[in-house]
>>> print(open('input39.txt').read())   # compact mmCIF, C-alpha atoms
# COMPACT_ATOMS: atom_id res chain seq x y z
CA MET A 1 -19.70 5.46 28.19
CA LYS A 2 -17.35 7.37 25.93
CA LYS A 3 -15.29 5.18 23.60
CA ILE A 4 -11.57 4.83 24.28
CA HIS A 5 -9.68 6.67 21.52
CA ALA A 6 -6.48 4.93 20.38
CA LEU A 7 -4.20 6.67 17.89
CA HIS A 8 -1.93 4.29 15.97
CA LEU A 9 1.13 5.82 14.31
CA ILE A 10 3.07 3.97 11.60
CA ASP A 11 5.82 5.04 9.19
CA GLY A 12 3.77 4.23 6.10
CA LEU A 13 0.93 2.17 4.71
CA THR A 14 2.90 0.31 2.06
CA PHE A 15 2.81 -3.48 1.59
CA GLY A 16 4.42 -5.31 4.52
CA GLY A 17 3.99 -7.39 7.66
CA ALA A 18 3.76 -4.50 10.14
CA GLU A 19 1.20 -2.77 7.94
CA THR A 20 -0.86 -5.98 7.67
CA LEU A 21 -0.74 -6.40 11.42
CA LEU A 22 -1.84 -2.80 11.98
CA ARG A 23 -4.73 -3.19 9.52
CA ASP A 24 -6.08 -6.27 11.29
CA LEU A 25 -5.42 -4.94 14.79
CA ALA A 26 -7.01 -1.53 14.15
CA SER A 27 -10.14 -2.93 12.56
CA GLY A 28 -10.43 -5.61 15.26
CA LEU A 29 -10.11 -3.05 18.06
CA GLU A 30 -12.73 -0.82 16.46
CA ARG A 31 -15.15 -3.75 16.24
CA ARG A 32 -14.55 -4.33 19.94
CA GLY A 33 -15.70 -0.82 20.77
CA TYR A 34 -12.61 1.38 20.56
CA ARG A 35 -12.39 4.52 18.42
CA ILE A 36 -9.31 4.14 16.22
CA THR A 37 -7.34 6.73 14.28
CA VAL A 38 -4.35 5.76 12.13
CA GLY A 39 -1.62 8.32 11.41
CA TYR A 40 0.95 7.59 8.69
CA SER A 41 3.65 9.42 6.76
CA THR A 42 4.25 7.38 3.57
CA PRO A 43 1.13 6.62 1.46
CA GLY A 44 0.60 3.17 0.02
CA PRO A 45 -2.02 0.58 -0.94
CA PHE A 46 -3.10 -0.01 2.64
CA VAL A 47 -4.53 3.54 2.81
CA GLN A 48 -7.50 2.42 0.73
CA GLU A 49 -7.82 -0.87 2.63
CA LEU A 50 -8.07 0.94 5.96
CA ALA A 51 -10.45 3.52 4.50
CA ASP A 52 -12.66 0.70 3.19
CA LYS A 53 -12.87 -0.61 6.76
CA GLY A 54 -14.20 2.75 7.91
CA LEU A 55 -11.12 3.71 9.93
CA THR A 56 -10.16 7.36 10.41
CA LEU A 57 -6.86 8.14 8.63
CA LYS A 58 -4.52 11.09 9.11
CA HIS A 59 -1.60 11.76 6.75
CA ILE A 60 1.38 13.28 8.61
CA PRO A 61 4.09 14.38 6.13
CA ARG A 62 7.70 13.64 7.06
CA MET A 63 10.91 15.00 5.50
CA GLY A 64 13.70 12.81 6.90
CA LEU A 65 14.76 10.08 9.30
CA VAL A 66 14.76 12.60 12.14
CA ASP A 67 12.29 15.45 11.60
CA PRO A 68 11.28 17.79 14.46
CA VAL A 69 8.50 19.24 12.29
CA PHE A 70 7.10 15.71 11.88
CA MET A 71 7.05 15.30 15.65
CA PHE A 72 5.25 18.59 16.24
CA ARG A 73 2.71 17.69 13.56
CA MET A 74 2.01 14.61 15.66
CA VAL A 75 1.63 16.78 18.77
CA LYS A 76 -0.82 19.03 16.92
CA LEU A 77 -2.87 16.00 15.81
CA MET A 78 -2.97 14.62 19.36
CA ARG A 79 -4.08 17.95 20.82
CA SER A 80 -6.77 18.48 18.18
CA ASP A 81 -8.42 15.12 18.91
CA PRO A 82 -6.91 13.82 22.17
CA PRO A 83 -6.41 10.05 22.38
CA GLU A 84 -6.25 8.09 25.61
CA ILE A 85 -3.69 5.78 23.97
CA VAL A 86 -0.95 6.33 21.41
CA HIS A 87 0.38 3.09 19.90
CA THR A 88 3.41 3.43 17.61
CA HIS A 89 4.80 1.06 14.98
CA LEU A 90 8.26 1.08 13.30
CA PHE A 91 11.36 3.18 13.94
CA LYS A 92 10.39 6.68 12.78
CA SER A 93 6.97 6.59 14.39
CA ASP A 94 8.41 5.14 17.60
CA PHE A 95 11.22 7.69 17.71
CA HIS A 96 9.02 10.74 17.14
CA GLY A 97 5.68 9.47 18.41
CA ARG A 98 6.71 8.51 21.94
CA LEU A 99 7.98 11.99 22.80
CA ALA A 100 5.14 13.67 20.88
CA ALA A 101 2.61 11.75 22.96
CA ARG A 102 4.24 12.85 26.20
CA LEU A 103 4.38 16.48 25.05
CA ALA A 104 0.68 16.26 24.18
CA GLY A 105 -0.17 14.78 27.58
CA VAL A 106 -1.40 11.40 26.30
CA PRO A 107 -2.03 9.09 29.29
CA VAL A 108 -0.80 5.79 27.78
CA VAL A 109 1.99 5.27 25.22
CA ILE A 110 2.76 1.86 23.69
CA SER A 111 5.09 0.72 20.90
CA THR A 112 5.16 -2.58 19.02
CA LEU A 113 8.63 -3.99 18.28
CA HIS A 114 8.02 -5.74 14.96
CA ASN A 115 11.48 -6.92 13.96
CA ASN A 116 15.11 -7.66 14.74
CA ASP A 117 16.13 -4.64 12.69
CA VAL A 118 19.73 -4.37 11.49
CA TRP A 119 19.90 -0.67 12.37
CA ALA A 120 19.95 -1.75 16.03
CA ASN A 121 23.39 -3.30 15.44
CA ASN A 122 24.65 0.27 15.19
CA TRP A 123 25.61 1.10 18.78
CA PHE A 124 24.49 4.75 18.61
CA LEU A 125 21.14 4.11 16.90
CA GLY A 126 20.40 1.16 19.14
CA ARG A 127 21.07 3.08 22.35
CA LEU A 128 19.26 6.20 21.07
CA TYR A 129 16.18 4.16 20.23
CA GLY A 130 16.35 2.39 23.58
CA ALA A 131 16.58 5.74 25.39
CA THR A 132 13.26 6.84 23.85
CA ALA A 133 11.62 3.84 25.55
CA TYR A 134 11.65 6.07 28.65
CA TRP A 135 8.56 7.78 27.19
CA ALA A 136 6.67 4.53 26.56
CA ASP A 137 4.62 2.67 29.15
CA ARG A 138 5.00 -0.69 27.43
CA LEU A 139 6.77 -2.19 24.45
CA ILE A 140 5.07 -5.13 22.73
CA ALA A 141 7.54 -7.61 21.26
CA VAL A 142 5.94 -9.78 18.57
CA SER A 143 8.06 -12.78 19.63
CA SER A 144 10.37 -13.81 22.44
CA GLU A 145 13.27 -13.56 19.96
CA VAL A 146 12.43 -9.90 19.31
CA ARG A 147 12.31 -9.27 23.06
CA GLU A 148 15.74 -10.80 23.60
CA PHE A 149 17.16 -8.92 20.61
CA HIS A 150 16.04 -5.54 21.95
CA LEU A 151 17.23 -6.30 25.46
CA ARG A 152 20.69 -6.91 23.98
CA LYS A 153 20.86 -4.29 21.25
CA THR A 154 18.75 -1.33 22.36
CA ARG A 155 18.98 -1.95 26.11
CA VAL A 156 15.32 -1.20 26.69
CA PRO A 157 14.26 -1.82 30.31
CA PRO A 158 13.10 -5.44 30.60
CA GLN A 159 10.14 -4.52 32.80
CA LYS A 160 8.70 -2.46 29.95
CA ILE A 161 8.56 -5.34 27.41
CA VAL A 162 5.69 -7.78 27.10
CA VAL A 163 5.52 -10.50 24.42
CA ILE A 164 2.29 -10.65 22.42
CA GLU A 165 2.80 -12.82 19.37
CA ASN A 166 1.34 -11.90 15.99
CA GLY A 167 -1.90 -13.54 14.96
CA VAL A 168 -3.91 -14.11 11.79
CA ASP A 169 -7.52 -14.91 10.93
CA VAL A 170 -7.38 -18.49 9.64
CA ALA A 171 -10.88 -18.27 8.14
CA ALA A 172 -9.66 -15.52 5.79
CA PHE A 173 -7.13 -17.92 4.25
CA THR A 174 -9.34 -20.92 3.56
CA GLY A 175 -11.77 -21.72 0.76
CA HIS A 176 -9.95 -19.99 -2.11
CA GLU A 177 -9.48 -22.97 -4.43
CA ASP A 178 -11.53 -21.52 -7.30
CA LYS A 179 -9.73 -18.17 -7.06
CA ALA A 180 -6.42 -20.04 -7.06
CA LYS A 181 -7.32 -21.66 -10.37
CA SER A 182 -8.22 -18.27 -11.79
CA ILE A 183 -4.89 -16.82 -10.72
CA ARG A 184 -2.99 -19.64 -12.40
CA ALA A 185 -5.00 -19.06 -15.58
CA GLU A 186 -4.41 -15.28 -15.33
CA LEU A 187 -0.64 -15.81 -15.04
CA ASP A 188 -0.57 -18.54 -17.71
CA ILE A 189 0.61 -21.22 -15.28
CA MET A 190 -0.51 -24.78 -15.97
CA PRO A 191 -2.67 -26.41 -13.25
CA ASP A 192 -0.10 -29.17 -12.68
CA ALA A 193 3.02 -26.96 -12.74
CA PRO A 194 4.83 -26.77 -9.37
CA LEU A 195 4.44 -23.18 -8.20
CA LEU A 196 6.76 -21.62 -5.64
CA GLY A 197 6.41 -18.07 -4.37
CA ILE A 198 7.96 -15.45 -2.16
CA ILE A 199 5.73 -12.67 -0.83
CA GLY A 200 6.89 -9.41 0.74
CA ARG A 201 8.56 -6.07 0.26
CA LEU A 202 11.42 -6.17 -2.22
CA LYS A 203 14.10 -5.01 0.19
CA PRO A 204 17.42 -6.40 1.48
CA GLN A 205 15.89 -8.12 4.53
CA LYS A 206 14.04 -10.63 2.33
CA ASP A 207 17.20 -11.64 0.39
CA ILE A 208 15.29 -12.33 -2.80
CA PRO A 209 18.55 -12.73 -4.79
CA THR A 210 19.06 -16.04 -2.96
CA PHE A 211 15.53 -17.10 -3.94
CA LEU A 212 16.34 -16.31 -7.58
CA LEU A 213 19.54 -18.35 -7.46
CA ALA A 214 17.62 -21.22 -5.90
CA ALA A 215 15.06 -20.98 -8.73
CA VAL A 216 17.87 -21.61 -11.23
CA GLU A 217 18.82 -24.78 -9.32
CA VAL A 218 15.20 -25.96 -9.18
CA LEU A 219 14.70 -25.46 -12.91
CA ARG A 220 17.69 -27.66 -13.70
CA GLU A 221 15.85 -30.62 -12.18
CA GLN A 222 12.23 -29.48 -12.56
CA PRO A 223 11.94 -27.52 -15.84
CA ASN A 224 8.16 -27.10 -15.54
CA ALA A 225 8.41 -25.31 -12.18
CA ARG A 226 7.16 -21.74 -11.98
CA PHE A 227 8.00 -18.95 -9.52
CA LEU A 228 6.24 -15.83 -8.24
CA VAL A 229 7.75 -12.77 -6.61
CA VAL A 230 4.79 -10.97 -5.04
CA GLY A 231 5.25 -7.42 -3.80
CA ASP A 232 7.03 -4.22 -4.71
CA GLY A 233 9.83 -2.17 -3.26
CA PRO A 234 13.13 -0.39 -3.86
CA LEU A 235 14.98 -3.43 -5.25
CA GLN A 236 12.47 -4.35 -7.96
CA SER A 237 14.46 -3.08 -10.97
CA GLU A 238 17.67 -4.65 -9.68
CA LEU A 239 15.94 -7.99 -9.09
CA GLU A 240 14.34 -7.96 -12.54
CA ILE A 241 17.77 -7.40 -14.12
CA GLN A 242 19.22 -10.28 -12.07
CA SER A 243 16.34 -12.53 -13.14
CA LYS A 244 16.91 -11.69 -16.79
CA ASN A 245 20.65 -12.35 -16.48
CA LEU A 246 19.91 -15.71 -14.83
CA GLY A 247 17.55 -16.68 -17.67
CA LEU A 248 14.58 -17.10 -15.32
CA PHE A 249 11.98 -15.54 -17.61
CA PRO A 250 9.32 -16.68 -18.46
CA SER A 251 9.43 -19.24 -15.62
CA LEU A 252 9.41 -16.41 -13.06
CA ILE A 253 6.82 -13.66 -12.74
CA PHE A 254 7.02 -10.40 -10.80
CA THR A 255 3.37 -9.79 -9.94
CA GLY A 256 3.79 -6.45 -8.18
CA MET A 257 1.70 -5.71 -5.12
CA ARG A 258 -1.45 -7.85 -4.94
CA LYS A 259 -4.51 -7.40 -2.75
CA ASP A 260 -5.60 -11.05 -3.14
CA ILE A 261 -2.90 -12.66 -0.98
CA PRO A 262 -5.19 -15.46 0.34
CA ALA A 263 -5.89 -16.55 -3.24
CA ILE A 264 -2.21 -16.19 -4.21
CA LEU A 265 -1.28 -18.47 -1.31
CA ALA A 266 -3.91 -20.98 -2.35
CA ALA A 267 -2.36 -21.05 -5.84
CA LEU A 268 1.11 -21.85 -4.48
CA ASP A 269 2.50 -25.31 -3.82
CA VAL A 270 5.33 -23.96 -1.67
CA LEU A 271 5.73 -20.66 0.19
CA VAL A 272 9.38 -19.61 0.42
CA LEU A 273 11.06 -17.22 2.85
CA SER A 274 14.74 -16.49 2.18
CA SER A 275 14.97 -13.74 4.83
CA LEU A 276 18.17 -12.64 6.55
CA TRP A 277 16.24 -11.67 9.69
CA GLU A 278 12.66 -11.55 10.90
CA GLY A 279 10.61 -10.64 13.96
CA LEU A 280 7.61 -12.90 13.49
CA PRO A 281 6.69 -12.70 9.80
CA VAL A 282 2.98 -12.26 9.22
CA ILE A 283 3.28 -13.90 5.78
CA LEU A 284 4.61 -17.04 7.45
CA LEU A 285 1.51 -17.23 9.65
CA GLU A 286 -0.70 -16.48 6.65
CA GLY A 287 0.95 -19.24 4.61
CA MET A 288 0.48 -21.73 7.46
CA ALA A 289 -3.14 -20.57 7.88
CA ALA A 290 -3.63 -21.30 4.17
CA ALA A 291 -2.22 -24.81 4.73
CA ARG A 292 0.78 -24.19 2.48
CA ALA A 293 4.03 -26.08 2.86
CA VAL A 294 6.84 -23.71 3.83
CA VAL A 295 10.57 -23.55 3.11
CA SER A 296 12.36 -20.87 5.11
CA THR A 297 15.74 -19.75 6.30
CA SER A 298 16.33 -20.64 9.95
CA VAL A 299 16.28 -17.11 11.37
CA ASP A 300 14.94 -15.77 14.65
CA GLY A 301 11.22 -15.14 14.43
CA VAL A 302 10.80 -18.19 12.20
CA VAL A 303 12.44 -20.94 14.26
CA GLY A 304 10.25 -20.02 17.23
CA VAL A 305 7.07 -20.42 15.17
CA VAL A 306 7.49 -23.49 12.97
CA LEU A 307 8.11 -27.10 13.89
CA PRO A 308 11.12 -28.16 11.76
CA ASN A 309 10.31 -30.95 9.30
CA GLU A 310 6.71 -30.95 10.52
CA THR A 311 5.32 -27.55 9.50
CA ALA A 312 8.30 -26.26 7.51
CA LEU A 313 11.70 -27.16 6.09
CA LEU A 314 14.45 -24.89 7.39
CA VAL A 315 17.71 -24.07 5.60
CA PRO A 316 20.71 -21.80 6.32
CA GLN A 317 20.75 -18.18 5.18
CA LYS A 318 22.27 -17.24 1.82
CA ASN A 319 22.44 -20.86 0.67
CA PRO A 320 20.60 -21.18 -2.65
CA VAL A 321 21.57 -24.83 -3.13
CA ASP A 322 20.06 -25.94 0.18
CA LEU A 323 17.04 -23.73 -0.43
CA ALA A 324 16.53 -25.33 -3.84
CA GLN A 325 16.93 -28.86 -2.50
CA ALA A 326 14.31 -28.24 0.19
CA CYS A 327 11.93 -26.88 -2.46
CA LEU A 328 12.58 -29.89 -4.70
CA LYS A 329 11.89 -32.25 -1.82
CA LEU A 330 8.42 -30.77 -1.43
CA ILE A 331 7.78 -30.55 -5.18
CA ARG A 332 8.47 -34.27 -5.53
CA ASN A 333 6.36 -35.32 -2.55
CA PRO A 334 2.73 -34.07 -2.70
CA ALA A 335 1.81 -36.09 0.39
CA LEU A 336 4.53 -34.36 2.40
CA ARG A 337 3.35 -30.97 1.15
CA GLN A 338 -0.20 -31.75 2.24
CA SER A 339 0.73 -33.07 5.67
CA MET A 340 3.05 -30.12 6.30
CA GLY A 341 0.38 -27.65 5.27
CA GLN A 342 -2.23 -29.24 7.50
CA ALA A 343 0.15 -29.34 10.47
CA GLY A 344 0.99 -25.68 9.95
CA GLN A 345 -2.65 -24.68 9.81
CA GLU A 346 -3.39 -26.58 13.03
CA ARG A 347 -0.47 -24.83 14.74
CA VAL A 348 -1.74 -21.38 13.74
CA ILE A 349 -5.25 -22.20 14.96
CA LYS A 350 -3.92 -23.30 18.35
CA LYS A 351 -1.18 -20.71 18.92
CA TYR A 352 -1.46 -17.70 16.58
CA SER A 353 -5.11 -16.67 16.56
CA LEU A 354 -5.87 -13.09 15.51
CA ASN A 355 -8.64 -12.86 18.11
CA ALA A 356 -6.26 -13.90 20.89
CA MET A 357 -3.69 -11.30 19.81
CA ILE A 358 -6.27 -8.49 19.75
CA ASP A 359 -7.71 -9.57 23.11
CA LYS A 360 -4.26 -9.47 24.72
CA ILE A 361 -3.51 -6.01 23.33
CA SER A 362 -6.93 -4.74 24.42
CA SER A 363 -6.31 -6.13 27.92
CA LEU A 364 -2.96 -4.32 28.01
CA TYR A 365 -4.69 -1.07 27.05
CA VAL A 366 -7.26 -1.54 29.81
CA ASP A 367 -4.70 -2.42 32.48
CA LEU A 368 -2.58 0.65 31.70
CA LEU A 369 -5.59 2.99 31.55
CA GLN A 370 -6.99 1.69 34.82
CA ALA A 371 -3.57 2.19 36.43
CA ARG A 372 -3.97 5.87 35.41
CA GLY A 373 -7.38 6.01 37.07
CA PHE A 374 -9.54 5.70 33.95
CA ASP A 375 -12.94 4.02 34.08
CA THR A 376 -12.94 1.65 31.09
CA PRO A 377 -15.67 -0.40 29.39
CA ASP A 378 -15.71 -4.16 29.89
CA PHE A 379 -14.19 -5.16 26.54
CA SER A 380 -14.17 -8.82 27.62
CA GLU A 381 -17.89 -8.87 26.85
CA ILE A 382 -17.22 -7.83 23.26
CA SER A 383 -15.81 -10.63 21.13
CA GLU A 384 -15.22 -11.17 17.44
CA ALA A 385 -17.69 -14.04 17.56
CA GLY A 386 -20.44 -11.57 18.24
CA ASN A 387 -19.74 -9.51 15.14
>>> encode(input="input39.txt", output="structure tokens")
Amino acid sequence: MKKIHALHLIDGLTFGGAETLLRDLASGLERRGYRITVGYSTPGPFVQELADKGLTLKHIPRMGLVDPVFMFRMVKLMRSDPPEIVHTHLFKSDFHGRLAARLAGVPVVISTLHNNDVWANNWFLGRLYGATAYWADRLIAVSSEVREFHLRKTRVPPQKIVVIENGVDVAAFTGHEDKAKSIRAELDIMPDAPLLGIIGRLKPQKDIPTFLLAAVEVLREQPNARFLVVGDGPLQSELEIQSKNLGLFPSLIFTGMRKDIPAILAALDVLVLSSLWEGLPVILLEGMAAARAVVSTSVDGVVGVVLPNETALLVPQKNPVDLAQACLKLIRNPALRQSMGQAGQERVIKKYSLNAMIDKISSLYVDLLQARGFDTPDFSEISEAGN
């Protein structure tokens, strides 16, 4: 039987949670028997990662936030190699890709809602985005909080939204102790120095300035503490200037984008999220999978995942003092760090499995295709365990 062709469209393949999710989903679906193509507009480090996994990649140039030429390039791609499914990710790909898929006659159109994005607070943008949901068969919300947010802000039809929570491969985040030691040596961090890190795109959502202010507070009481900011993005120069003005160097290191995130996590004592908003952050699940203790702001997309004081310590947004005190509590109590990390890992294993996420999305594909009269393979017989 002919393989089902699914075309995934995403704004770019830079470093971020949506991009990580797409990487794991696309490769998992292909191993299950789908034929996957990934279309993107902004190049980034994940281009090579997806190429290394043998996935077909198509670069679709884009000029602006709204670009009719971009949309018709999508239509041309879909007509040249027709997919049975188009699955879009992030605003620009959702906005252009849904209509492009309908113009190209694609049978099934799906979008993943990755975040509680601030642009949706703008009445016009929110309603405009919600109106384009008319062209989608289903919208996948990565958490119940994201579903409720879009029902309120973008007014998407509730019958179109299904919640499929993000998942990670726990096995990929275990057994990196030796690599963790090498990373500490590479960065000139003593083996016994408390190491706290924040991992993600350097953009306003992550509120890294609050993390930097908290680092100042931590150093007052724990001078041997060290801090990592892992990732790149538009705010890097500004954040480096702030760090210099705060006197954080050399206790703080900007590592840039790293491909060895499992080993970076293993090197950390505490994973920190200072975000202003989230959908369901993949790095949070990855940190829990790596059995790291977590300190995070109590934002939607986090509070629905962690168990407060059991798998993570939660603090208010934009509060560097409380953030620092939570970090210090974990620094001073290794037993608490260990128990929190173990509890987090157990929670990910039980509730946020990558295999379960891919199986649910595959089942959604099959249900929608069969409703259109397509004869589909029995993907339930193909499991990750068999690969």
>>> residues_around(input="input39.txt", residues="segment 1-12 of chain A", least_positions_apart="6", cutoff="7 Å", atoms="all atoms listed in the file", output="VMD selection string")
chain A and resid 33 to 44 83 to 90 92 to 93
>>> atom_distance(input="input39.txt", atom1="atom CA of Ala289 of chain A", atom2="atom CA of Val272 of chain A")
14.6 Å
>>> atom_distance(input="input39.txt", atom1="atom CA of Val303 of chain A", atom2="atom CA of Phe227 of chain A")
24.3 Å
>>> residues_around(input="input39.txt", residues="segment 357-359 of chain A", least_positions_apart="3", cutoff="9 Å", atoms="only C-alpha atoms", output="PyMOL selection string")
chain A and resi 24-26+28-29+164-168+352-354+362-364+379-380+383
>>> closest_residue(input="input39.txt", among="A:Gly197, A:Pro316, A:Gly105, A:Pro250", to="Val294 of chain A", atoms="all atoms listed in the file")
A:Gly197
>>> residues_around(input="input39.txt", residues="Leu228 of chain A", least_positions_apart="3", cutoff="12 Å", atoms="all atoms listed in the file", output="ChimeraX atom specification")
/A:183-184,187-189,194-200,208,211-212,215,225,231,243,248-258,264-265,267-272
>>> residues_around(input="input39.txt", residues="Trp135 of chain A", least_positions_apart="5", cutoff="12 Å", atoms="all atoms listed in the file", output="VMD selection string")
chain A and resid 86 to 88 94 to 111 129 to 130 156 to 157 160
>>> closest_residue(input="input39.txt", among="A:Leu369, A:Leu219, A:Leu202, A:Ala51", to="Glu240 of chain A", atoms="all atoms listed in the file")
A:Leu202
>>> residues_around(input="input39.txt", residues="Arg73 of chain A", least_positions_apart="5", cutoff="9 Å", atoms="all atoms listed in the file", output="list of chain:residue names")
A:Ile60, A:Pro61, A:Pro68, A:Met78, A:Ala100
>>> write_last_selection(input="input39.txt", atoms="C-alpha atoms", output="CSV table (one decimal), in the coordinates of the input")
chain,number,residue,atom,x,y,z
A,60,ILE,CA,1.4,13.3,8.6
A,61,PRO,CA,4.1,14.4,6.1
A,68,PRO,CA,11.3,17.8,14.5
A,78,MET,CA,-3.0,14.6,19.4
A,100,ALA,CA,5.1,13.7,20.9
>>> atom_distance(input="input39.txt", atom1="atom CA of Leu13 of chain A", atom2="atom CA of Val163 of chain A")
23.9 Å
>>> residues_near_point(input="input39.txt", point="(10.2, -30.5, -3.3)", cutoff="10 Å", atoms="all atoms listed in the file", output="PyMOL selection string")
chain A and resi 194+196+218+222+269-270+293+295+324-334+336-337
>>> closest_residue(input="input39.txt", among="A:Gly373, A:Gly344, A:Pro45, A:Gly279", to="Val118 of chain A", atoms="all atoms listed in the file")
A:Gly279
>>> closest_residue(input="input39.txt", among="A:Val229, A:Leu22, A:Met74, A:Val348", to="Glu49 of chain A", atoms="all atoms listed in the file")
A:Leu22
>>> closest_residue(input="input39.txt", among="A:Arg147, A:Lys179, A:Lys360, A:Lys259", to="Gln48 of chain A", atoms="only C-alpha atoms")
A:Lys259
>>> closest_residue(input="input39.txt", among="A:Ile261, A:Pro158, A:Asp117, A:Arg79", to="Ala172 of chain A", atoms="only C-alpha atoms")
A:Ile261
>>> axis_aligned_box(input="input39.txt", around="segment 200-210 of chain A", padding_each_side="8 Å", output="AutoDock Vina command-line options")
--center_x 13.0 --center_y -10.5 --center_z -0.1 --size_x 28.2 --size_y 27.0 --size_z 25.3
